[in-house]
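S.K.: Below you'll find run17.csv; it's CSV, C-alpha atoms and all ligand atoms.
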```csv
chain,number,residue,atom,x,y,z
A,1450,MET,CA,105.8,73.7,28.8
A,1451,TYR,CA,108.4,71.4,27.3
A,1452,ILE,CA,111.7,69.8,28.1
A,1453,GLN,CA,114.3,71.4,26.0
A,1454,LYS,CA,117.4,69.6,27.2
A,1455,VAL,CA,118.2,66.6,29.4
A,1456,SER,CA,121.6,65.6,30.8
A,1457,LEU,CA,122.2,62.3,32.6
A,1458,THR,CA,125.2,60.9,34.4
A,1459,GLY,CA,125.3,57.6,36.2
A,1460,TYR,CA,121.6,56.8,35.6
A,1461,ARG,CA,120.5,53.1,35.5
A,1462,ASN,CA,122.0,51.5,32.4
A,1463,LEU,CA,122.2,54.7,30.4
A,1464,LYS,CA,125.4,56.1,29.0
A,1465,ASP,CA,126.2,59.6,30.2
A,1466,THR,CA,124.5,61.9,27.7
A,1467,THR,CA,123.1,65.3,26.9
A,1468,LEU,CA,120.0,65.4,24.6
A,1469,PHE,CA,118.0,68.2,23.0
A,1470,LEU,CA,114.3,67.4,22.7
A,1471,LYS,CA,111.7,68.8,20.3
A,1472,ASN,CA,108.6,70.7,21.4
A,1473,GLY,CA,106.5,68.1,19.6
A,1474,VAL,CA,106.8,64.3,19.3
A,1475,ASN,CA,110.1,62.6,20.3
A,1476,ILE,CA,110.3,58.9,19.6
A,1477,PHE,CA,112.8,56.7,21.4
A,1478,TYR,CA,113.0,53.3,19.8
A,1479,GLY,CA,115.0,50.2,20.4
A,1480,GLU,CA,114.8,46.6,21.3
A,1481,ASN,CA,113.9,45.3,24.7
A,1482,ALA,CA,116.1,46.0,27.7
A,1483,GLN,CA,118.1,48.8,26.0
A,1484,GLY,CA,117.1,51.7,28.4
A,1485,LYS,CA,113.9,53.2,26.9
A,1486,THR,CA,111.9,53.1,30.1
A,1487,ASN,CA,114.9,54.1,32.2
A,1488,PHE,CA,115.0,57.3,30.1
A,1489,LEU,CA,111.3,58.1,30.7
A,1490,GLU,CA,111.7,57.3,34.3
A,1491,SER,CA,114.5,59.9,34.7
A,1492,LEU,CA,112.2,62.6,33.2
A,1493,TYR,CA,109.3,61.6,35.4
A,1494,LEU,CA,111.6,61.7,38.4
A,1495,CYS,CA,112.3,65.4,37.6
A,1496,ALA,CA,108.6,66.2,37.4
A,1497,SER,CA,107.5,64.3,40.5
A,1498,GLY,CA,110.6,63.8,42.5
A,1499,ARG,CA,109.9,60.1,42.6
A,1500,SER,CA,110.4,57.1,40.4
A,1501,LEU,CA,107.4,55.2,39.2
A,1502,ARG,CA,109.1,51.9,39.7
A,1503,THR,CA,110.8,52.1,43.0
A,1504,LYS,CA,110.9,53.9,46.3
A,1505,ASN,CA,114.5,53.1,46.7
A,1506,ASP,CA,116.5,55.9,45.0
A,1507,SER,CA,119.7,54.0,45.1
A,1508,GLN,CA,118.4,51.5,42.5
A,1509,LEU,CA,118.3,54.4,40.0
A,1510,ILE,CA,122.1,54.8,40.2
A,1511,LYS,CA,124.2,52.8,37.7
A,1512,PHE,CA,125.3,49.5,39.3
A,1513,GLU,CA,129.0,50.4,39.3
A,1514,ALA,CA,128.5,54.1,40.2
A,1515,THR,CA,128.1,55.8,43.6
A,1516,GLU,CA,126.0,58.7,42.4
A,1517,SER,CA,123.9,60.0,39.6
A,1518,HIS,CA,122.9,63.4,38.3
A,1519,ILE,CA,119.9,64.3,36.2
A,1520,GLN,CA,119.3,67.8,34.8
A,1521,VAL,CA,116.5,69.1,32.7
A,1522,LEU,CA,115.8,72.5,31.2
A,1523,ILE,CA,112.2,73.3,30.9
A,1524,GLN,CA,110.8,76.0,28.6
A,1525,LYS,CA,107.6,77.7,29.7
A,1526,PRO,CA,105.8,80.5,27.9
A,1527,LYS,CA,107.2,83.2,30.2
A,1528,THR,CA,110.1,81.5,32.1
A,1529,ASN,CA,112.7,78.8,31.9
A,1530,ASP,CA,113.4,76.4,34.8
A,1531,ARG,CA,116.3,74.1,35.5
A,1532,ILE,CA,115.8,71.1,37.7
A,1533,ASP,CA,118.8,69.2,39.1
A,1534,ILE,CA,118.5,65.9,40.9
A,1535,HIS,CA,121.5,64.4,42.7
A,1536,LEU,CA,121.2,60.8,43.8
A,1537,LYS,CA,123.7,59.2,46.1
A,1538,LYS,CA,124.1,55.5,47.0
A,1539,GLU,CA,124.3,56.5,50.6
A,1540,GLY,CA,122.1,59.4,51.9
A,1541,LYS,CA,119.1,61.3,50.6
A,1542,LYS,CA,118.7,62.8,47.2
A,1543,GLY,CA,119.2,66.5,46.6
A,1544,ILE,CA,116.9,68.5,44.4
A,1545,ALA,CA,117.5,72.0,43.2
A,1546,VAL,CA,115.4,74.3,41.0
A,1547,ASN,CA,117.3,77.0,39.2
A,1548,GLY,CA,120.3,76.2,41.4
A,1549,ILE,CA,118.4,76.7,44.7
A,1550,PRO,CA,118.3,73.5,46.8
A,1551,LEU,CA,114.8,72.5,47.9
A,1552,LYS,CA,114.1,71.8,51.6
A,1553,LYS,CA,111.0,69.7,50.9
A,1554,LEU,CA,110.0,67.5,48.0
A,1555,GLY,CA,106.7,69.5,47.8
A,1556,GLU,CA,108.6,72.6,46.6
A,1557,LEU,CA,109.3,70.8,43.4
A,1558,PHE,CA,105.6,70.3,42.4
A,1559,GLY,CA,104.4,72.6,39.7
A,1560,THR,CA,107.8,73.1,38.2
A,1561,CYS,CA,107.2,70.5,35.5
A,1562,HIS,CA,103.9,68.8,34.9
A,1563,ALA,CA,104.1,65.4,33.4
A,1564,VAL,CA,101.6,62.6,32.7
A,1565,ILE,CA,103.1,59.2,32.2
A,1566,PHE,CA,101.2,56.5,30.5
A,1567,SER,CA,102.5,52.9,30.5
A,1568,PRO,CA,100.9,49.5,29.9
A,1569,GLU,CA,100.4,49.1,33.6
A,1570,ASP,CA,98.1,52.1,33.5
A,1571,LEU,CA,95.8,50.2,31.2
A,1572,ASN,CA,95.2,47.9,34.2
A,1573,LEU,CA,94.1,50.7,36.4
A,1574,ILE,CA,90.6,49.2,36.5
A,1575,LYS,CA,91.6,45.6,36.9
A,1576,GLU,CA,94.1,46.1,39.7
A,1577,GLY,CA,93.4,46.5,43.4
A,1578,PRO,CA,92.5,49.8,45.2
A,1579,VAL,CA,96.1,50.6,46.0
A,1580,ALA,CA,96.8,51.4,42.3
A,1581,ARG,CA,93.7,53.6,42.1
A,1582,ARG,CA,94.6,55.5,45.3
A,1583,ARG,CA,98.1,56.0,44.0
A,1584,PHE,CA,96.8,57.3,40.7
A,1585,MET,CA,94.5,59.7,42.5
A,1586,ASP,CA,97.2,60.9,44.9
A,1587,MET,CA,99.9,61.4,42.3
A,1588,GLU,CA,97.6,63.4,40.1
A,1589,ILE,CA,96.1,65.6,42.8
A,1590,CYS,CA,99.6,66.3,44.3
A,1591,GLN,CA,100.8,67.7,40.9
A,1592,MET,CA,98.0,70.2,40.9
A,1593,ASN,CA,97.5,70.9,44.6
A,1594,LEU,CA,100.4,71.3,47.0
A,1595,VAL,CA,98.2,71.7,50.1
A,1596,TYR,CA,96.8,68.2,49.4
A,1597,TYR,CA,100.4,66.8,49.4
A,1598,TYR,CA,101.0,68.2,52.9
A,1599,ASP,CA,97.5,67.1,54.1
A,1600,LEU,CA,98.3,63.6,52.9
A,1601,GLN,CA,101.7,63.6,54.6
A,1602,LYS,CA,100.0,64.8,57.8
A,1603,TYR,CA,97.3,62.1,57.6
A,1604,TYR,CA,99.8,59.3,57.1
A,1605,ARG,CA,102.0,60.6,60.0
A,1606,ILE,CA,99.0,60.6,62.3
A,1607,LEU,CA,97.9,57.2,61.1
A,1608,LYS,CA,101.4,55.8,61.8
A,1609,GLN,CA,101.3,57.2,65.3
A,1610,ARG,CA,97.8,55.8,65.9
A,1611,ASN,CA,98.8,52.4,64.7
A,1612,HIS,CA,101.9,52.5,66.9
A,1613,LEU,CA,99.6,53.3,69.9
A,1614,LEU,CA,97.2,50.5,69.0
A,1615,LYS,CA,100.1,48.0,69.3
A,1616,GLU,CA,101.2,49.6,72.6
A,1617,ILE,CA,97.7,49.2,74.0
A,1618,GLN,CA,98.0,45.5,73.3
A,1619,LYS,CA,100.8,45.5,75.9
A,1620,LYS,CA,99.5,48.2,78.2
A,1621,PRO,CA,95.6,48.5,78.0
A,1622,SER,CA,95.5,51.6,80.2
A,1623,LEU,CA,96.9,53.6,77.2
A,1624,LYS,CA,93.5,53.2,75.5
A,1625,GLU,CA,92.4,56.4,77.2
A,1626,THR,CA,94.7,58.4,75.0
A,1627,LEU,CA,93.4,56.9,71.7
A,1628,PHE,CA,90.6,59.5,71.3
A,1629,LEU,CA,93.2,62.2,70.8
A,1630,TRP,CA,94.6,60.5,67.7
A,1631,ASP,CA,91.0,59.7,66.5
A,1632,GLU,CA,90.2,63.4,66.5
A,1633,GLN,CA,93.4,64.4,64.7
A,1634,LEU,CA,93.0,61.6,62.2
A,1635,ALA,CA,89.4,62.5,61.4
A,1636,ASP,CA,90.3,66.1,61.0
A,1637,ALA,CA,93.1,65.4,58.5
A,1638,ALA,CA,90.9,62.8,56.7
A,1639,GLU,CA,88.1,65.4,56.1
A,1640,ARG,CA,90.4,67.6,54.0
A,1641,ILE,CA,91.6,64.6,52.0
A,1642,ILE,CA,88.1,63.3,51.4
A,1643,ALA,CA,86.9,66.8,50.2
A,1644,THR,CA,89.8,67.2,47.8
A,1645,ARG,CA,89.5,63.7,46.4
A,1646,SER,CA,85.8,64.2,45.9
A,1647,ASP,CA,86.3,67.4,44.1
A,1648,PHE,CA,89.1,65.9,41.9
A,1649,LEU,CA,87.0,62.9,40.9
A,1650,ASP,CA,84.0,65.1,40.1
A,1651,LYS,CA,86.1,67.1,37.6
A,1652,LEU,CA,87.8,64.0,36.2
A,1653,ASN,CA,84.4,62.4,35.8
A,1654,GLN,CA,83.1,65.2,33.6
A,1655,ILE,CA,86.0,65.2,31.3
A,1656,SER,CA,86.5,61.4,31.1
A,1657,SER,CA,82.9,60.7,30.2
A,1658,LYS,CA,83.3,62.9,27.2
A,1659,LYS,CA,86.5,61.1,26.2
A,1660,GLN,CA,84.8,57.7,26.6
A,1661,ASN,CA,81.9,58.9,24.5
A,1662,GLU,CA,84.2,59.9,21.7
A,1663,LEU,CA,86.3,56.7,22.0
A,1664,THR,CA,83.3,54.4,21.8
A,1665,GLY,CA,81.2,56.4,19.4
A,1666,GLY,CA,78.6,57.0,22.1
A,1667,LYS,CA,78.2,53.3,22.9
A,1668,ASP,CA,79.6,53.3,26.4
A,1669,ALA,CA,78.7,55.9,29.0
A,1670,LEU,CA,81.4,56.3,31.7
A,1671,LYS,CA,80.8,57.6,35.2
A,1672,ILE,CA,83.6,57.9,37.8
A,1673,LEU,CA,82.5,57.8,41.4
A,1674,TYR,CA,84.5,58.4,44.6
A,1675,LYS,CA,84.1,55.5,47.0
A,1676,PRO,CA,85.3,56.8,50.3
A,1677,ASN,CA,85.8,54.1,52.9
A,1678,SER,CA,84.3,56.5,55.4
A,1679,PRO,CA,82.0,59.2,54.0
A,1680,LYS,CA,82.3,62.8,55.1
A,1681,ASN,CA,82.2,63.5,58.8
A,1682,GLN,CA,81.8,59.8,59.8
A,1683,LEU,CA,85.3,58.7,60.4
A,1684,GLN,CA,85.5,59.5,64.1
A,1685,GLN,CA,82.4,57.5,64.8
A,1686,LYS,CA,83.7,54.6,62.7
A,1687,LEU,CA,87.0,54.7,64.6
A,1688,LYS,CA,85.2,54.4,67.9
A,1689,LYS,CA,83.0,51.6,66.6
A,1690,ASN,CA,86.1,49.7,65.3
A,1691,GLN,CA,88.2,50.3,68.4
A,1692,GLN,CA,88.3,46.8,69.7
A,1693,ARG,CA,89.1,45.3,66.3
A,1694,ASP,CA,91.8,48.0,65.7
A,1695,ILE,CA,93.5,47.2,69.0
A,1696,LEU,CA,93.3,43.4,68.3
A,1697,LEU,CA,94.8,43.8,64.8
A,1698,GLY,CA,97.2,46.7,65.7
A,1699,THR,CA,96.2,48.7,62.7
A,1700,THR,CA,93.5,51.3,61.8
A,1701,GLN,CA,90.7,49.7,59.7
A,1702,ALA,CA,88.9,52.8,58.5
A,1703,GLY,CA,89.9,56.0,56.8
A,1704,PRO,CA,91.0,57.5,53.4
A,1705,HIS,CA,93.9,55.0,53.2
A,1706,LYS,CA,91.2,52.5,52.3
A,1707,ASP,CA,89.4,54.6,49.7
A,1708,ASP,CA,88.6,53.5,46.2
A,1709,ILE,CA,87.3,54.7,42.9
A,1710,LEU,CA,84.3,53.2,41.1
A,1711,PHE,CA,84.1,53.1,37.3
A,1712,LEU,CA,80.7,52.6,35.9
A,1713,VAL,CA,80.1,51.8,32.3
A,1714,ASN,CA,76.5,52.0,31.2
A,1715,ASN,CA,75.7,52.1,35.0
A,1716,LYS,CA,77.5,48.8,35.7
A,1717,ASP,CA,80.8,48.4,37.6
A,1718,VAL,CA,83.3,47.9,34.7
A,1719,LYS,CA,85.7,46.1,37.0
A,1720,LEU,CA,83.1,43.3,37.6
A,1721,TYR,CA,81.1,43.3,34.4
A,1722,GLY,CA,83.2,45.0,31.7
A,1723,SER,CA,85.1,43.2,29.0
A,1724,GLN,CA,88.9,43.6,28.9
A,1725,GLY,CA,88.5,46.0,26.0
A,1726,GLN,CA,86.0,48.1,27.9
A,1727,GLN,CA,88.3,48.2,31.0
A,1728,ARG,CA,91.2,49.3,28.9
A,1729,THR,CA,89.1,52.0,27.1
A,1730,THR,CA,88.0,53.3,30.5
A,1731,ALA,CA,91.6,53.5,31.6
A,1732,LEU,CA,92.6,55.3,28.4
A,1733,ALA,CA,89.7,57.8,28.7
A,1734,THR,CA,90.7,58.4,32.4
A,1735,LYS,CA,94.3,59.0,31.5
A,1736,LEU,CA,93.4,61.4,28.7
A,1737,ALA,CA,91.1,63.2,31.0
A,1738,GLU,CA,93.9,63.7,33.4
A,1739,ILE,CA,95.9,65.6,30.8
A,1740,THR,CA,93.0,68.0,30.1
A,1741,LEU,CA,92.4,68.4,33.9
A,1742,ILE,CA,96.0,69.3,34.6
A,1743,GLU,CA,95.9,71.9,31.8
A,1744,GLN,CA,92.6,73.3,33.1
A,1745,GLU,CA,93.7,73.5,36.7
A,1746,THR,CA,97.3,74.7,36.2
A,1747,GLY,CA,97.0,76.7,33.0
A,1748,GLN,CA,100.0,74.7,31.7
A,1749,LYS,CA,100.2,72.0,29.1
A,1750,PRO,CA,101.7,68.9,30.7
A,1751,ILE,CA,104.5,66.8,29.1
A,1752,LEU,CA,103.2,63.5,27.9
A,1753,LEU,CA,105.4,60.4,28.5
A,1754,LEU,CA,104.2,57.3,26.6
A,1755,ASP,CA,106.0,54.2,27.6
A,1756,ASP,CA,105.4,51.5,24.9
A,1757,VAL,CA,101.7,52.0,25.2
A,1758,LEU,CA,100.7,52.0,21.6
A,1759,SER,CA,101.5,48.3,21.1
A,1760,GLU,CA,98.9,47.6,23.7
A,1761,LEU,CA,96.1,49.3,21.9
A,1762,ASP,CA,94.1,48.5,18.8
A,1763,LYS,CA,94.2,50.7,15.7
A,1764,ASN,CA,91.2,52.8,16.7
A,1765,ARG,CA,92.5,53.6,20.2
A,1766,GLN,CA,96.1,54.1,18.9
A,1767,ASN,CA,94.7,56.8,16.5
A,1768,PHE,CA,92.6,58.4,19.1
A,1769,LEU,CA,95.5,58.6,21.5
A,1770,MET,CA,97.9,60.1,18.8
A,1771,GLU,CA,95.3,62.6,17.8
A,1772,SER,CA,94.7,63.6,21.4
A,1773,ILE,CA,98.3,64.6,21.8
A,1774,GLY,CA,97.6,67.9,20.0
A,1775,GLU,CA,100.3,70.4,20.9
A,1776,LEU,CA,101.7,68.5,23.9
A,1777,GLN,CA,105.4,67.7,24.0
A,1778,THR,CA,105.3,63.9,23.8
A,1779,ILE,CA,108.1,61.6,24.6
A,1780,LEU,CA,107.3,58.1,23.3
A,1781,THR,CA,109.0,54.8,23.5
A,1782,CYS,CA,108.5,51.8,21.2
A,1783,THR,CA,110.3,48.8,20.0
A,1784,GLY,CA,109.3,49.5,16.4
A,1785,ILE,CA,107.7,52.3,14.4
A,1786,GLU,CA,104.1,51.3,14.2
A,1787,ASP,CA,101.6,52.5,11.6
A,1788,SER,CA,99.9,55.0,13.8
A,1789,ILE,CA,103.2,56.7,14.6
A,1790,LYS,CA,104.4,56.7,10.9
A,1791,GLU,CA,102.6,59.9,10.1
A,1792,TYR,CA,104.2,61.6,13.1
A,1793,VAL,CA,107.7,60.3,12.2
A,1794,LYS,CA,108.1,62.9,9.5
A,1795,GLN,CA,107.7,65.7,12.1
A,1796,ALA,CA,109.1,63.8,15.0
A,1797,CYS,CA,112.6,63.7,16.5
A,1798,LEU,CA,113.9,60.1,16.5
A,1799,PHE,CA,116.3,58.6,18.9
A,1800,CYS,CA,117.7,55.1,18.8
A,1801,VAL,CA,118.3,53.5,22.2
A,1802,GLN,CA,120.9,50.7,22.1
A,1803,ASN,CA,122.7,49.2,25.1
A,1804,GLY,CA,122.1,52.3,27.1
A,1805,ALA,CA,123.4,54.7,24.4
A,1806,ILE,CA,120.9,57.2,23.1
A,1807,THR,CA,121.6,58.5,19.6
A,1808,PRO,CA,119.6,61.0,17.6
A,1809,SER,CA,118.8,59.6,14.2
A,1901,LIG,P1,111.5,47.0,27.2
A,1901,LIG,O1,111.3,47.3,25.8
A,1901,LIG,O2,111.7,45.5,27.5
A,1901,LIG,O3,110.6,47.7,28.1
A,1901,LIG,P2,113.5,49.0,27.9
A,1901,LIG,O4,114.4,49.5,26.8
A,1901,LIG,O5,112.4,49.9,28.4
A,1901,LIG,O6,113.0,47.6,27.5
A,1901,LIG,P3,114.6,49.4,30.6
A,1901,LIG,O7,113.5,49.0,31.5
A,1901,LIG,O8,114.9,50.8,30.4
A,1901,LIG,O9,114.5,48.7,29.2
A,1901,LIG,O10,115.9,48.6,31.2
A,1901,LIG,C1,117.1,48.4,30.5
A,1901,LIG,C2,118.1,47.7,31.4
A,1901,LIG,O11,118.5,48.5,32.5
A,1901,LIG,C3,117.6,46.4,32.0
A,1901,LIG,O12,118.1,45.3,31.3
A,1901,LIG,C4,118.2,46.5,33.4
A,1901,LIG,O13,119.0,45.3,33.7
A,1901,LIG,C5,119.1,47.7,33.4
A,1901,LIG,N1,119.2,48.4,34.7
A,1901,LIG,C6,118.2,48.6,35.6
A,1901,LIG,N2,118.7,49.3,36.7
A,1901,LIG,C7,120.0,49.4,36.5
A,1901,LIG,C8,121.1,50.0,37.2
A,1901,LIG,N3,120.8,50.6,38.4
A,1901,LIG,N4,122.3,50.0,36.7
A,1901,LIG,C9,122.6,49.5,35.5
A,1901,LIG,N5,121.6,48.9,34.7
A,1901,LIG,C10,120.4,48.9,35.2
A,1902,MG,MG,110.4,49.5,28.8
```
Let me see whether you can do it: turn the structure in this file into structure tokens.
M.R.:
Amino acid sequence: MYIQKVSLTGYRNLKDTTLFLKNGVNIFYGENAQGKTNFLESLYLCASGRSLRTKNDSQLIKFEATESHIQVLIQKPKTNDRIDIHLKKEGKKGIAVNGIPLKKLGELFGTCHAVIFSPEDLNLIKEGPVARRRFMDMEICQMNLVYYYDLQKYYRILKQRNHLLKEIQKKPSLKETLFLWDEQLADAAERIIATRSDFLDKLNQISSKKQNELTGGKDALKILYKPNSPKNQLQQKLKKNQQRDILLGTTQAGPHKDDILFLVNNKDVKLYGSQGQQRTTALATKLAEITLIEQETGQKPILLLDDVLSELDKNRQNFLMESIGELQTILTCTGIEDSIKEYVKQACLFCVQNGAITPS
């Protein structure tokens, strides 16, 4: 699949525009603070329904505007799809696919698969577990709509349980009803744990091959799921933690505390790896994600590379550019680096200056 056409009005600092993209490499270059990441963000919004940078959609609207409209046309082997997103300063965003308004965000998933790769992703290993859970959830949601609904259900129950914990602090007799939420929470958790475990198994197989290629066989990568509460043990754990949960007013155990473990040569790379090894591991994981999406959905995702080449050394730059293969790639950079030069001849170039995007 590839994005053929993009139209933007009232989006961040970008001037209203309509652009035609190539089914190949598209390079958006320009100095800092000109609007490059804003452009990629608008495309990612169409794929996932969410911005990478904010939960507050009104921030996406141009300062002086009251609404914004993003439209993309996606070419697929057998069909074409049009996604329209309307953002309003006041009120919820509206999303339509082929002119039909969606009732739920989940209905958008699968229309456009995109993988975004930015310098922050290279810190996937270094950062806290929140970033790794987010990575896992965003990726699984793109491939598995049921998981998205399971996750929503889990967080709904968790919120209700946390609310009850706080109520119990004021009225201890309410404690008798807690087991009802424990049961429901454990039930929703089981499905999440099973899906995450399956996803990470598959990701592990692919990323270990990528790591092997990236390091010439020097580093062996293993990705392991680290559930906070292993299969079928959450209900017991909730019971055990009950007093502490009530005291703190929040639930201490469950998939909302899960993590991923990255082992390089059998050692936790977060604790023992060099910065280079941590970044290579993140790169191998990200590249594996592309292969996995293709494997699971039968569709080639669109690759969004936000200024990531400048963060990598020559070897890794070349490996990344060679991995692109036949994917539509939309890449931002401040200058045309050596590793891009050989692609420039076949690429579409766009200059981004002060919010204006001009094909060049
Ligand atoms: P860099 O190379 O530093 O990453 P960039 O070209 O990727 O730069 P962007 O992140 O796209 O830059 O941001 C460009 C500008 O957009 C910023 O200077 C910011 O002030 C501006 N901006 C952000 N949100 C809005 C908005 N809602 N309305 C108008 N301008 C905005
Ligand atoms: Mg940027």
S.K.: Using 10 Å as the limit and counting only C-alpha atoms and all ligand atoms, can you tabulate each residue of chain A that touches ligand LIG 1901 (chain A), with its shortest atom-to-atom distance in Å and the two atoms involved, as JSON lines?
M.R.:
```
{"residue": "A:Gly1459", "atom": "CA", "partner": "A:LIG1901", "partner_atom": "N4", "distance": 8.2}
{"residue": "A:Tyr1460", "atom": "CA", "partner": "A:LIG1901", "partner_atom": "N3", "distance": 6.8}
{"residue": "A:Arg1461", "atom": "CA", "partner": "A:LIG1901", "partner_atom": "C8", "distance": 3.6}
{"residue": "A:Asn1462", "atom": "CA", "partner": "A:LIG1901", "partner_atom": "N5", "distance": 3.5}
{"residue": "A:Leu1463", "atom": "CA", "partner": "A:LIG1901", "partner_atom": "N5", "distance": 7.2}
{"residue": "A:Lys1464", "atom": "CA", "partner": "A:LIG1901", "partner_atom": "C9", "distance": 9.7}
{"residue": "A:Phe1477", "atom": "CA", "partner": "A:LIG1901", "partner_atom": "O4", "distance": 9.1}
{"residue": "A:Tyr1478", "atom": "CA", "partner": "A:LIG1901", "partner_atom": "O4", "distance": 8.1}
{"residue": "A:Gly1479", "atom": "CA", "partner": "A:LIG1901", "partner_atom": "O4", "distance": 6.5}
{"residue": "A:Glu1480", "atom": "CA", "partner": "A:LIG1901", "partner_atom": "O1", "distance": 5.7}
{"residue": "A:Asn1481", "atom": "CA", "partner": "A:LIG1901", "partner_atom": "O1", "distance": 3.5}
{"residue": "A:Ala1482", "atom": "CA", "partner": "A:LIG1901", "partner_atom": "O9", "distance": 3.5}
{"residue": "A:Gln1483", "atom": "CA", "partner": "A:LIG1901", "partner_atom": "O4", "distance": 3.8}
{"residue": "A:Gly1484", "atom": "CA", "partner": "A:LIG1901", "partner_atom": "O8", "distance": 3.1}
{"residue": "A:Lys1485", "atom": "CA", "partner": "A:LIG1901", "partner_atom": "O4", "distance": 3.7}
{"residue": "A:Thr1486", "atom": "CA", "partner": "A:LIG1901", "partner_atom": "O5", "distance": 3.7}
{"residue": "A:Asn1487", "atom": "CA", "partner": "A:LIG1901", "partner_atom": "O8", "distance": 3.8}
{"residue": "A:Phe1488", "atom": "CA", "partner": "A:LIG1901", "partner_atom": "O8", "distance": 6.5}
{"residue": "A:Leu1489", "atom": "CA", "partner": "A:LIG1901", "partner_atom": "O8", "distance": 8.1}
{"residue": "A:Glu1490", "atom": "CA", "partner": "A:LIG1901", "partner_atom": "O8", "distance": 8.2}
{"residue": "A:Arg1502", "atom": "CA", "partner": "A:LIG1901", "partner_atom": "O7", "distance": 9.7}
{"residue": "A:Asp1506", "atom": "CA", "partner": "A:LIG1901", "partner_atom": "N3", "distance": 9.5}
{"residue": "A:Ser1507", "atom": "CA", "partner": "A:LIG1901", "partner_atom": "N3", "distance": 7.6}
{"residue": "A:Gln1508", "atom": "CA", "partner": "A:LIG1901", "partner_atom": "N3", "distance": 4.8}
{"residue": "A:Leu1509", "atom": "CA", "partner": "A:LIG1901", "partner_atom": "N3", "distance": 4.8}
{"residue": "A:Ile1510", "atom": "CA", "partner": "A:LIG1901", "partner_atom": "N3", "distance": 4.8}
{"residue": "A:Lys1511", "atom": "CA", "partner": "A:LIG1901", "partner_atom": "N4", "distance": 3.5}
{"residue": "A:Phe1512", "atom": "CA", "partner": "A:LIG1901", "partner_atom": "N4", "distance": 4.0}
{"residue": "A:Glu1513", "atom": "CA", "partner": "A:LIG1901", "partner_atom": "N4", "distance": 7.2}
{"residue": "A:Ala1514", "atom": "CA", "partner": "A:LIG1901", "partner_atom": "N4", "distance": 8.2}
{"residue": "A:Ser1517", "atom": "CA", "partner": "A:LIG1901", "partner_atom": "N3", "distance": 10.0}
{"residue": "A:Ser1567", "atom": "CA", "partner": "A:LIG1901", "partner_atom": "O3", "distance": 9.9}
{"residue": "A:Asp1755", "atom": "CA", "partner": "A:LIG1901", "partner_atom": "O5", "distance": 7.8}
{"residue": "A:Asp1756", "atom": "CA", "partner": "A:LIG1901", "partner_atom": "O3", "distance": 7.2}
{"residue": "A:Thr1781", "atom": "CA", "partner": "A:LIG1901", "partner_atom": "O5", "distance": 7.7}
{"residue": "A:Cys1782", "atom": "CA", "partner": "A:LIG1901", "partner_atom": "O1", "distance": 7.0}
{"residue": "A:Thr1783", "atom": "CA", "partner": "A:LIG1901", "partner_atom": "O1", "distance": 6.1}
{"residue": "A:Gly1784", "atom": "CA", "partner": "A:LIG1901", "partner_atom": "O1", "distance": 9.9}
{"residue": "A:Val1801", "atom": "CA", "partner": "A:LIG1901", "partner_atom": "O4", "distance": 7.2}
{"residue": "A:Gln1802", "atom": "CA", "partner": "A:LIG1901", "partner_atom": "O4", "distance": 8.1}
{"residue": "A:Asn1803", "atom": "CA", "partner": "A:LIG1901", "partner_atom": "C1", "distance": 7.8}
{"residue": "A:Gly1804", "atom": "CA", "partner": "A:LIG1901", "partner_atom": "C1", "distance": 7.2}
```
S.K.: Using CA of Pro1704 in chain A and CA of Asp1599 in chain A as the two end points, give the distance in Å to one decimal.
M.R.: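 Taking CA of Pro1704 in chain A as the start and CA of Asp1599 in chain A as the end point, the length is 11.6 Å.
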S.K.: Which residue, A:Ala1669, A:Leu1457, A:Leu1557, A:Ala1702, has the smallest gap to Ile1519 in chain A when you use only C-alpha atoms?
M.R.: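 Between A:Ala1669, A:Leu1457, A:Leu1557, A:Ala1702, the residue approaching Ile1519 in chain A most closely is A:Leu1457.
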S.K.: Using only C-alpha atoms and all ligand atoms, find the one residue out of A:Thr1807, A:Thr1730, A:Asn1690, A:Ser1759 that sits nearest to ligand MG 1902 (chain A).
M.R.: A:Ser1759
S.K.: Rounded to one decimal place, report the CA of Ile1695 in chain A-CA of Asp1636 in chain A distance in Å.
M.R.: 20.8 Å
S.K.: At what distance in Å, to one decimal, does CA of Lys1537 in chain A lie from CA of Val1564 in chain A?
M.R.: 26.1 Å
S.K.: I need every residue sitting at most 7 Å from the point (103.8, 66.3, 18.9) (coordinates as in the file, only C-alpha atoms considered), written as a short mmCIF file (atom, residue, chain, number, x, y, z; two decimals) with C-alpha atoms, in the coordinates of the input.
M.R.:
```cif
data_model
loop_
_atom_site.label_atom_id
_atom_site.label_comp_id
_atom_site.auth_asym_id
_atom_site.auth_seq_id
_atom_site.Cartn_x
_atom_site.Cartn_y
_atom_site.Cartn_z
CA ASN A 1472 108.60 70.70 21.40
CA GLY A 1473 106.50 68.10 19.60
CA VAL A 1474 106.80 64.30 19.30
CA ILE A 1773 98.30 64.60 21.80
CA GLY A 1774 97.60 67.90 20.00
CA GLU A 1775 100.30 70.40 20.90
CA LEU A 1776 101.70 68.50 23.90
CA GLN A 1777 105.40 67.70 24.00
CA THR A 1778 105.30 63.90 23.80
#
```
S.K.: Between A:Asn1715, A:Thr1626, A:Thr1740, A:Gln1685, which residue has the minimum interatomic distance to Gly1703 in chain A, considering all atoms listed in the file?
M.R.: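 Ranked by minimum distance to Gly1703 in chain A, first place goes to A:Gln1685.
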S.K.: Quick one: of A:Leu1736, A:Ile1806, A:Cys1800, A:Leu1712, who's nearest to Met1770 in chain A, counting all atoms listed in the file?
M.R.: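 Of A:Leu1736, A:Ile1806, A:Cys1800, A:Leu1712, the one nearest Met1770 in chain A is A:Leu1736, counting all atoms listed in the file.
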